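J.: Questions regarding the structure given below will be posed in turn.
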Amino acid sequence: MPPVVGKERWCMSDKRWKATERRIAALLGGRRVPVSGRGRGDAPDIAHPWLSIEIKDRAVLPLWLLDALDQAERSATPAQLPLAVLHRAGDRHDAALVVLRLADFVAWFGADIPLSRTNNMIYPRG
């Protein structure tokens, strides 16, 4: 049977990304901003006092990106924050992107979520 490409498929996807935005907003102590009435770039996905948060929910992330973060996590000591820095050739180095796990970000910079530590990695409980 071919995949459904009508309204039903959109609604399923719509529910997933909205749920992701709500969950991440809760983890960071923010509030999801509804899409209705805002244009691209008018407001972040999550209202927060000191962060401008844009959420991208994808079924698959690039393997090279996950490998880079995994390498940083394996080599990090408990006193170090593991992150991957992504630099595009030709761009200024201060324009590089920093990627880290949300649970690590929360553990280092704050928010009220219960965390557990396993093998030098921090995970949200629940």
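Here, A, B, ... name the chains of the structure tokens in the order displayed, residue numbers run from 1 inside each chain, and ligands are numbered from 1 in the same displayed order.
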Can you list, as a tab-separated table (two decimals) with N, CA and C atoms, in the first residue's frame, every protein, DNA or RNA residue that comes within 10 Å of Ala43 in chain A when you count only C-alpha atoms, leaving out same-chain residues fewer than 5 positions away?

T.:
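What landed in out.tsv:
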```tsv
chain	number	residue	atom	x	y	z
A	33	VAL	N	5.64	28.49	21.32
A	33	VAL	CA	4.93	29.58	20.66
A	33	VAL	C	4.18	28.97	19.47
A	34	PRO	N	2.84	29.06	19.44
A	34	PRO	CA	2.08	28.49	18.32
A	34	PRO	C	2.50	29.12	16.99
A	35	VAL	N	2.44	28.32	15.93
A	35	VAL	CA	2.84	28.78	14.60
A	35	VAL	C	1.85	29.79	14.04
A	38	ARG	N	2.35	33.84	13.10
A	38	ARG	CA	3.74	34.30	13.05
A	38	ARG	C	4.37	33.88	11.74
A	52	SER	N	16.88	32.07	22.41
A	52	SER	CA	16.03	32.11	21.23
A	52	SER	C	16.13	30.71	20.62
A	53	ILE	N	15.06	29.92	20.75
A	53	ILE	CA	15.13	28.50	20.46
A	53	ILE	C	14.33	28.16	19.20
A	54	GLU	N	15.01	27.58	18.25
A	54	GLU	CA	14.39	27.06	17.02
A	54	GLU	C	14.54	25.55	17.05
```

J.: Can you tell me, as a ChimeraX atom specification, which residues in range 15-63 of chain A count as helix (DSSP H, G or I) by DSSP?

T.: /A:15-28,63

J.: Skipping near chain neighbours, those fewer than 5 positions away, what residues fall within 9 Å of range 14-19 of chain A using only C-alpha atoms, listed as a PyMOL selection string?

T.: chain A and resi 9+24+32+34+55-58

J.: Do you know which residues are at most 10 Å from Leu51 in chain A counting only C-alpha atoms, after dropping those on the same chain fewer than 6 positions away, and could you put them as a ChimeraX atom specification?

T.: /A:28,30,44
